[in-house]
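The next block is upload.tsv, given as TSV, C-alpha atoms.
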chain	number	residue	atom	x	y	z
P	3	GLY	CA	3.74	7.63	-6.10
P	4	ASP	CA	1.92	4.69	-7.55
P	5	SER	CA	-1.35	3.73	-5.92
P	6	VAL	CA	-4.47	1.60	-6.36
P	7	THR	CA	-7.92	2.47	-5.11
P	8	GLN	CA	-10.71	-0.08	-4.76
P	9	MET	CA	-14.33	0.25	-3.80
P	10	GLU	CA	-15.00	-0.19	-0.11
P	11	GLY	CA	-16.34	-3.51	1.02
P	12	PRO	CA	-17.72	-5.72	2.16
P	13	VAL	CA	-19.86	-6.57	-0.81
P	14	THR	CA	-22.69	-9.00	-0.17
P	15	LEU	CA	-24.54	-10.55	-3.10
P	16	SER	CA	-26.98	-13.35	-3.69
P	17	GLU	CA	-25.92	-16.30	-5.79
P	18	GLU	CA	-26.21	-15.63	-9.56
P	19	ALA	CA	-26.08	-11.86	-9.08
P	20	PHE	CA	-23.89	-9.62	-11.24
P	21	LEU	CA	-20.62	-8.49	-9.68
P	22	THR	CA	-18.63	-5.33	-10.24
P	23	ILE	CA	-15.66	-4.32	-8.12
P	24	ASN	CA	-14.24	-0.96	-9.11
P	25	CYS	CA	-10.50	-0.34	-9.31
P	26	THR	CA	-8.69	2.82	-10.33
P	27	TYR	CA	-5.00	3.52	-10.31
P	28	THR	CA	-2.32	6.16	-10.55
P	29	ALA	CA	1.06	5.20	-11.93
P	30	THR	CA	4.27	6.95	-12.87
P	31	GLY	CA	4.92	4.67	-15.80
P	32	TYR	CA	2.93	2.29	-17.97
P	33	PRO	CA	1.75	-0.42	-15.57
P	34	SER	CA	0.58	-3.94	-15.96
P	35	LEU	CA	-2.63	-4.54	-14.00
P	36	PHE	CA	-3.69	-7.58	-12.03
P	37	TRP	CA	-6.53	-8.98	-10.00
P	38	TYR	CA	-5.59	-11.39	-7.24
P	39	VAL	CA	-8.00	-13.35	-5.03
P	40	GLN	CA	-7.41	-14.50	-1.48
P	41	TYR	CA	-9.57	-17.27	-0.06
P	42	PRO	CA	-9.83	-17.65	3.73
P	43	GLY	CA	-6.60	-18.89	5.26
P	44	GLU	CA	-4.72	-18.87	1.97
P	45	GLY	CA	-2.25	-16.75	0.08
P	46	LEU	CA	-2.99	-14.73	-3.03
P	47	GLN	CA	-3.84	-16.38	-6.32
P	48	LEU	CA	-3.66	-14.63	-9.65
P	49	LEU	CA	-7.13	-14.25	-11.11
P	50	LEU	CA	-6.35	-12.30	-14.29
P	51	LYS	CA	-4.02	-9.71	-15.74
P	52	ALA	CA	-3.72	-7.17	-18.54
P	53	THR	CA	-0.53	-5.60	-19.80
P	54	LYS	CA	-1.65	-2.82	-22.13
P	55	ALA	CA	-4.53	-0.50	-22.86
P	56	ASP	CA	-7.78	-2.14	-24.04
P	57	ASP	CA	-6.53	-5.61	-23.12
P	58	LYS	CA	-9.18	-7.76	-21.48
P	59	GLY	CA	-8.10	-10.28	-18.89
P	60	SER	CA	-10.46	-13.16	-18.16
P	61	ASN	CA	-10.53	-16.29	-16.02
P	62	LYS	CA	-13.20	-18.44	-14.32
P	63	GLY	CA	-15.97	-16.15	-15.60
P	64	PHE	CA	-14.29	-13.00	-14.28
P	65	GLU	CA	-13.30	-10.22	-16.66
P	66	ALA	CA	-11.52	-6.87	-16.46
P	67	THR	CA	-10.56	-4.42	-19.20
P	68	TYR	CA	-7.54	-2.13	-19.01
P	69	ARG	CA	-8.92	1.38	-19.55
P	70	LYS	CA	-6.04	3.81	-19.86
P	71	GLU	CA	-8.23	6.83	-20.50
P	72	THR	CA	-10.06	6.37	-17.18
P	73	THR	CA	-7.14	4.65	-15.39
P	74	SER	CA	-9.44	1.85	-14.38
P	75	PHE	CA	-9.49	-1.94	-14.27
P	76	HIS	CA	-12.91	-2.93	-12.95
P	77	LEU	CA	-13.59	-6.57	-12.17
P	78	GLU	CA	-16.87	-8.11	-13.37
P	79	LYS	CA	-18.62	-11.44	-13.28
P	80	GLY	CA	-22.02	-12.14	-14.73
P	81	SER	CA	-23.21	-14.71	-12.18
P	82	VAL	CA	-21.43	-15.18	-8.88
P	83	GLN	CA	-21.36	-18.39	-6.88
P	84	VAL	CA	-20.99	-19.05	-3.16
P	85	SER	CA	-17.48	-20.36	-3.90
P	86	ASP	CA	-16.49	-16.86	-5.15
P	87	SER	CA	-16.62	-15.56	-1.58
P	88	ALA	CA	-13.13	-14.19	-0.95
P	89	VAL	CA	-11.11	-10.99	-0.81
P	90	TYR	CA	-10.20	-9.47	-4.17
P	91	PHE	CA	-7.13	-7.31	-4.66
P	92	CYS	CA	-6.40	-5.04	-7.58
P	93	ALA	CA	-2.69	-4.50	-8.15
P	94	LEU	CA	-0.21	-2.93	-10.51
P	95	THR	CA	3.46	-2.96	-11.26
P	96	VAL	CA	5.51	-0.50	-13.23
P	97	ASP	CA	8.83	-2.20	-12.60
P	98	ASN	CA	10.41	-3.72	-15.66
P	99	TYR	CA	10.39	-7.13	-14.05
P	100	GLY	CA	7.30	-6.58	-11.89
P	101	GLN	CA	8.98	-7.01	-8.57
P	102	ASN	CA	7.35	-4.24	-6.61
P	103	PHE	CA	3.63	-4.74	-6.77
P	104	VAL	CA	1.33	-2.06	-5.40
P	105	PHE	CA	-1.92	-3.46	-4.07
P	106	GLY	CA	-5.28	-1.95	-3.39
P	107	PRO	CA	-6.85	-2.42	0.06
P	108	GLY	CA	-8.88	-5.41	-1.04
P	109	THR	CA	-12.63	-5.89	-1.34
P	110	ARG	CA	-14.29	-8.64	0.63
P	111	LEU	CA	-17.06	-10.41	-1.28
P	112	SER	CA	-19.65	-12.58	0.40
P	113	VAL	CA	-22.05	-14.54	-1.79
P	114	LEU	CA	-25.14	-15.91	-0.08
P	115	PRO	CA	-27.02	-19.01	-1.31
Q	32	LYS	CA	5.06	-28.12	-10.49
Q	33	ALA	CA	5.02	-27.43	-6.74
Q	34	GLY	CA	3.95	-23.97	-5.67
Q	35	VAL	CA	5.61	-21.50	-3.36
Q	36	THR	CA	6.00	-22.92	0.12
Q	37	GLN	CA	6.44	-21.02	3.35
Q	38	THR	CA	7.41	-22.27	6.78
Q	39	PRO	CA	6.26	-22.13	9.43
Q	40	ARG	CA	2.62	-21.38	8.76
Q	41	TYR	CA	2.01	-19.96	12.23
Q	42	LEU	CA	4.24	-18.39	14.84
Q	43	ILE	CA	3.71	-16.85	18.24
Q	44	LYS	CA	6.48	-14.68	19.67
Q	45	THR	CA	6.83	-12.09	22.41
Q	46	ARG	CA	8.00	-8.51	22.13
Q	47	GLY	CA	11.74	-8.13	21.84
Q	48	GLN	CA	12.32	-11.56	20.35
Q	49	GLN	CA	13.47	-12.16	16.81
Q	50	VAL	CA	11.96	-14.43	14.18
Q	51	THR	CA	13.06	-16.05	10.92
Q	52	LEU	CA	10.62	-17.02	8.19
Q	53	SER	CA	11.43	-19.22	5.24
Q	54	CYS	CA	10.24	-19.24	1.64
Q	55	SER	CA	10.94	-21.78	-1.10
Q	56	PRO	CA	10.07	-20.47	-4.57
Q	57	ILE	CA	8.65	-22.38	-7.48
Q	58	SER	CA	11.32	-24.48	-9.14
Q	59	GLY	CA	13.16	-22.36	-11.69
Q	60	HIS	CA	12.12	-19.06	-10.12
Q	61	ARG	CA	15.07	-17.01	-8.95
Q	62	SER	CA	13.29	-13.95	-7.65
Q	63	VAL	CA	11.63	-13.88	-4.25
Q	64	SER	CA	9.67	-10.92	-2.92
Q	65	TRP	CA	8.29	-10.47	0.57
Q	66	TYR	CA	5.11	-8.65	1.61
Q	67	GLN	CA	3.50	-7.80	4.91
Q	68	GLN	CA	-0.30	-7.97	5.13
Q	69	THR	CA	-2.16	-6.30	7.99
Q	70	PRO	CA	-5.80	-5.23	8.34
Q	71	GLY	CA	-4.81	-1.60	8.76
Q	72	GLN	CA	-2.09	-1.19	6.12
Q	73	GLY	CA	-3.07	-3.88	3.64
Q	74	LEU	CA	-0.35	-5.48	1.55
Q	75	GLN	CA	2.99	-3.73	1.65
Q	76	PHE	CA	6.16	-4.61	-0.20
Q	77	LEU	CA	9.12	-5.43	2.02
Q	78	PHE	CA	11.95	-6.40	-0.33
Q	79	GLU	CA	12.98	-8.54	-3.26
Q	80	TYR	CA	15.92	-10.87	-3.69
Q	81	PHE	CA	17.35	-12.11	-6.95
Q	82	SER	CA	20.53	-14.12	-7.39
Q	83	GLU	CA	21.29	-13.79	-3.69
Q	84	THR	CA	21.19	-9.99	-3.84
Q	85	GLN	CA	18.59	-7.56	-2.59
Q	86	ARG	CA	17.29	-5.74	-5.67
Q	87	ASN	CA	14.40	-3.68	-4.29
Q	88	LYS	CA	13.39	-2.52	-0.85
Q	89	GLY	CA	10.17	-1.11	0.54
Q	90	ASN	CA	9.76	1.41	3.29
Q	91	PHE	CA	10.36	-0.70	6.40
Q	92	PRO	CA	12.80	-0.22	9.27
Q	93	GLY	CA	16.14	-1.99	9.40
Q	94	ARG	CA	14.75	-4.53	11.86
Q	95	PHE	CA	13.39	-6.26	8.78
Q	96	SER	CA	16.05	-8.04	6.78
Q	97	GLY	CA	16.38	-10.96	4.47
Q	98	ARG	CA	18.69	-13.11	2.48
Q	99	GLN	CA	18.62	-15.54	-0.38
Q	100	PHE	CA	20.57	-18.71	-0.82
Q	101	SER	CA	22.14	-20.18	-3.93
Q	102	ASN	CA	19.15	-22.51	-4.39
Q	103	SER	CA	16.87	-19.41	-4.45
Q	104	ARG	CA	15.29	-20.16	-1.09
Q	105	SER	CA	14.88	-17.02	0.95
Q	106	GLU	CA	14.63	-16.17	4.60
Q	107	MET	CA	13.22	-13.08	6.23
Q	108	ASN	CA	14.29	-11.98	9.68
Q	109	VAL	CA	12.61	-9.54	12.03
Q	110	SER	CA	14.57	-8.51	15.09
Q	111	THR	CA	13.33	-6.87	18.28
Q	112	LEU	CA	9.73	-7.72	17.55
Q	113	GLU	CA	7.01	-5.17	18.23
Q	114	LEU	CA	3.29	-5.73	18.67
Q	115	GLY	CA	2.72	-3.99	15.34
Q	116	ASP	CA	4.72	-6.67	13.54
Q	117	SER	CA	1.81	-9.06	13.96
Q	118	ALA	CA	0.80	-9.80	10.40
Q	119	LEU	CA	0.57	-12.30	7.60
Q	120	TYR	CA	3.90	-12.42	5.79
Q	121	LEU	CA	3.65	-13.49	2.18
Q	122	CYS	CA	6.39	-14.35	-0.21
Q	123	ALA	CA	6.07	-14.45	-3.95
Q	124	SER	CA	8.32	-15.82	-6.65
Q	125	SER	CA	8.91	-15.21	-10.33
Q	126	THR	CA	11.54	-15.88	-12.96
Q	127	ARG	CA	12.41	-12.21	-13.44
Q	128	LEU	CA	12.83	-12.93	-17.13
Q	129	GLU	CA	9.61	-11.48	-18.51
Q	130	TYR	CA	8.52	-7.88	-18.63
Q	131	GLN	CA	6.15	-7.13	-15.72
Q	132	GLU	CA	5.45	-10.80	-15.18
Q	133	THR	CA	3.09	-12.37	-12.68
Q	134	GLN	CA	4.19	-13.09	-9.15
Q	135	TYR	CA	3.12	-16.36	-7.55
Q	136	PHE	CA	2.32	-16.23	-3.87
Q	137	GLY	CA	2.76	-18.72	-1.08
Q	138	PRO	CA	0.16	-19.35	1.65
Q	139	GLY	CA	1.91	-17.04	4.09
Q	140	THR	CA	3.24	-17.21	7.62
Q	141	ARG	CA	0.95	-15.74	10.24
Q	142	LEU	CA	3.00	-14.09	13.00
Q	143	LEU	CA	1.45	-13.08	16.29
Q	144	VAL	CA	3.52	-10.93	18.65
Q	145	LEU	CA	2.37	-10.87	22.26

Will you turn the file into structure tokens for me?
Amino acid sequence: GDSVTQMEGPVTLSEEAFLTINCTYTATGYPSLFWYVQYPGEGLQLLLKATKADDKGSNKGFEATYRKETTSFHLEKGSVQVSDSAVYFCALTVDNYGQNFVFGPGTRLSVLP
Amino acid sequence: KAGVTQTPRYLIKTRGQQVTLSCSPISGHRSVSWYQQTPGQGLQFLFEYFSETQRNKGNFPGRFSGRQFSNSRSEMNVSTLELGDSALYLCASSTRLEYQETQYFGPGTRLLVL
């Protein structure tokens, strides 16, 4: 079946450090890939998405590139802030209308001042 | 445009009881999906409703059910609650018009079963 694997957390970084959260996937079809972020006490918010190979999604300084050859969608940010502390979920959908999302386990990021 | 809203935000129930959760999608969105989030299992898809019909279903027992109304609002019901049903229940909405489109999530209902 379809699945998403993320690096184990928690990840603790100092402010202005470089962030990478690894995400790899297996999918039966051609998926769209997403990164969602969950702040404490809140639901999930879309961070970025990519729908085909070599697409780069970007938002709020975060970036991820859809790598079909390595089935990966790693999240990066050049300089993290304390306000980036949250749980990050990599997800995919292969449904035509994207109704059944498959999520990774989430990676908790803590950024220290 | 208002986001996805869920009520109530918090619930405490005891084993054996039943519970109903409500989700109002973004205006114009006709698809509502439900997810269960637990520390052990992560985020798992429960089911999706579109035009008042269940279109997709995850791997959950029949105690979990739902429905959708003509105004696209959706309810989820869990009967005969078990301790393991304690979780954050998230709903998400979309238009179901675009190929593999984004889902927009509500803040969730946190259910505690004692």

Query raised in the report: Using only C-alpha atoms, which of Q:Thr84, Q:Gln131, Q:Ser124, Q:Gln37 sits nearest Q:Arg61?
Result: Q:Ser124

Query raised in the report: Can you tell me, as a ChimeraX atom specification, what residues are no more than 9 Å from stretch 89-91 of chain Q when counting all atoms listed in the file, ignoring any on the same chain fewer than 3 positions away?
Result: /P:102 /Q:75-79,94-95

Query raised in the report: Rounded to one decimal in Å, what is the spacing between atom CA of P:Ser60 and atom CA of P:Gln40?
Result: 17.0 Å

Report summary line: Closest of Q:Gly47, Q:Pro92, Q:Gly34, Q:Gly97 to chain P, counting only C-alpha atoms, is Q:Gly34

Residues of chain Q within 12 Å of chain P, counting all atoms listed in the file, what are they? List them as a short mmCIF file (atom, residue, chain, number, x, y, z; two decimals) with C-alpha atoms, keeping the file's coordinate frame.
data_model
loop_
_atom_site.label_atom_id
_atom_site.label_comp_id
_atom_site.auth_asym_id
_atom_site.auth_seq_id
_atom_site.Cartn_x
_atom_site.Cartn_y
_atom_site.Cartn_z
CA GLY Q 34 3.95 -23.97 -5.67
CA VAL Q 35 5.61 -21.50 -3.36
CA THR Q 36 6.00 -22.92 0.12
CA GLN Q 37 6.44 -21.02 3.35
CA ARG Q 40 2.62 -21.38 8.76
CA TYR Q 41 2.01 -19.96 12.23
CA ARG Q 61 15.07 -17.01 -8.95
CA SER Q 62 13.29 -13.95 -7.65
CA VAL Q 63 11.63 -13.88 -4.25
CA SER Q 64 9.67 -10.92 -2.92
CA TRP Q 65 8.29 -10.47 0.57
CA TYR Q 66 5.11 -8.65 1.61
CA GLN Q 67 3.50 -7.80 4.91
CA GLN Q 68 -0.30 -7.97 5.13
CA THR Q 69 -2.16 -6.30 7.99
CA PRO Q 70 -5.80 -5.23 8.34
CA GLY Q 71 -4.81 -1.60 8.76
CA GLN Q 72 -2.09 -1.19 6.12
CA GLY Q 73 -3.07 -3.88 3.64
CA LEU Q 74 -0.35 -5.48 1.55
CA GLN Q 75 2.99 -3.73 1.65
CA PHE Q 76 6.16 -4.61 -0.20
CA LEU Q 77 9.12 -5.43 2.02
CA PHE Q 78 11.95 -6.40 -0.33
CA GLU Q 79 12.98 -8.54 -3.26
CA TYR Q 80 15.92 -10.87 -3.69
CA PHE Q 81 17.35 -12.11 -6.95
CA GLN Q 85 18.59 -7.56 -2.59
CA ARG Q 86 17.29 -5.74 -5.67
CA ASN Q 87 14.40 -3.68 -4.29
CA LYS Q 88 13.39 -2.52 -0.85
CA GLY Q 89 10.17 -1.11 0.54
CA ASN Q 90 9.76 1.41 3.29
CA LEU Q 119 0.57 -12.30 7.60
CA TYR Q 120 3.90 -12.42 5.79
CA LEU Q 121 3.65 -13.49 2.18
CA CYS Q 122 6.39 -14.35 -0.21
CA ALA Q 123 6.07 -14.45 -3.95
CA SER Q 124 8.32 -15.82 -6.65
CA SER Q 125 8.91 -15.21 -10.33
CA THR Q 126 11.54 -15.88 -12.96
CA ARG Q 127 12.41 -12.21 -13.44
CA LEU Q 128 12.83 -12.93 -17.13
CA GLU Q 129 9.61 -11.48 -18.51
CA TYR Q 130 8.52 -7.88 -18.63
CA GLN Q 131 6.15 -7.13 -15.72
CA GLU Q 132 5.45 -10.80 -15.18
CA THR Q 133 3.09 -12.37 -12.68
CA GLN Q 134 4.19 -13.09 -9.15
CA TYR Q 135 3.12 -16.36 -7.55
CA PHE Q 136 2.32 -16.23 -3.87
CA GLY Q 137 2.76 -18.72 -1.08
CA PRO Q 138 0.16 -19.35 1.65
CA GLY Q 139 1.91 -17.04 4.09
CA THR Q 140 3.24 -17.21 7.62
CA ARG Q 141 0.95 -15.74 10.24
#

Query - Length of the atom CA of P:Ala93 to atom CA of P:Phe20 vector [Å] - result: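 Computed distance, atom CA of P:Ala93 to atom CA of P:Phe20, equals 22.0 Å.
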
Requested in this report: Extract, using only C-alpha atoms, all DNA, RNA and protein residues at most 9 Å from stretch 70-86 of chain P, discarding same-chain residues fewer than 3 positions from it, and format them as JSON, numbers by chain.
Outcome: {"P": [8, 15, 16, 17, 18, 19, 20, 21, 22, 23, 24, 25, 26, 27, 28, 29, 35, 36, 37, 41, 52, 54, 55, 56, 62, 63, 64, 65, 66, 67, 92, 111, 112, 113, 114, 115]}

Report task. Just give me the gap between atom CA of Q:Lys44 and atom CA of Q:Arg98 in Å, one decimal is fine. Result ->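 Atom CA of Q:Arg98 lies 21.1 Å from atom CA of Q:Lys44.
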
Query raised in the report: So which one's closest to Q:Ser96, Q:Thr51, Q:Ser58, Q:Thr45, Q:Ser117? Using all atoms listed in the file, please.
Result: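 Of the candidates, the smallest distance to Q:Ser96 is held by Q:Thr51.
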
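Contact shell of stretch 99-105 of chain Q at 6 Å (all atoms listed in the file; same-chain neighbours under 3 positions omitted): Ser53, Cys54, Ser55, Arg61 and Glu83 of chain Q.
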
Query - Given only C-alpha atoms as the counted atoms, nearest of Q:Arg46, Q:Ala33, Q:Pro39, Q:Leu145 to Q:Gly59 - result: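 The shortest atom-to-atom distance to Q:Gly59 comes from Q:Ala33.
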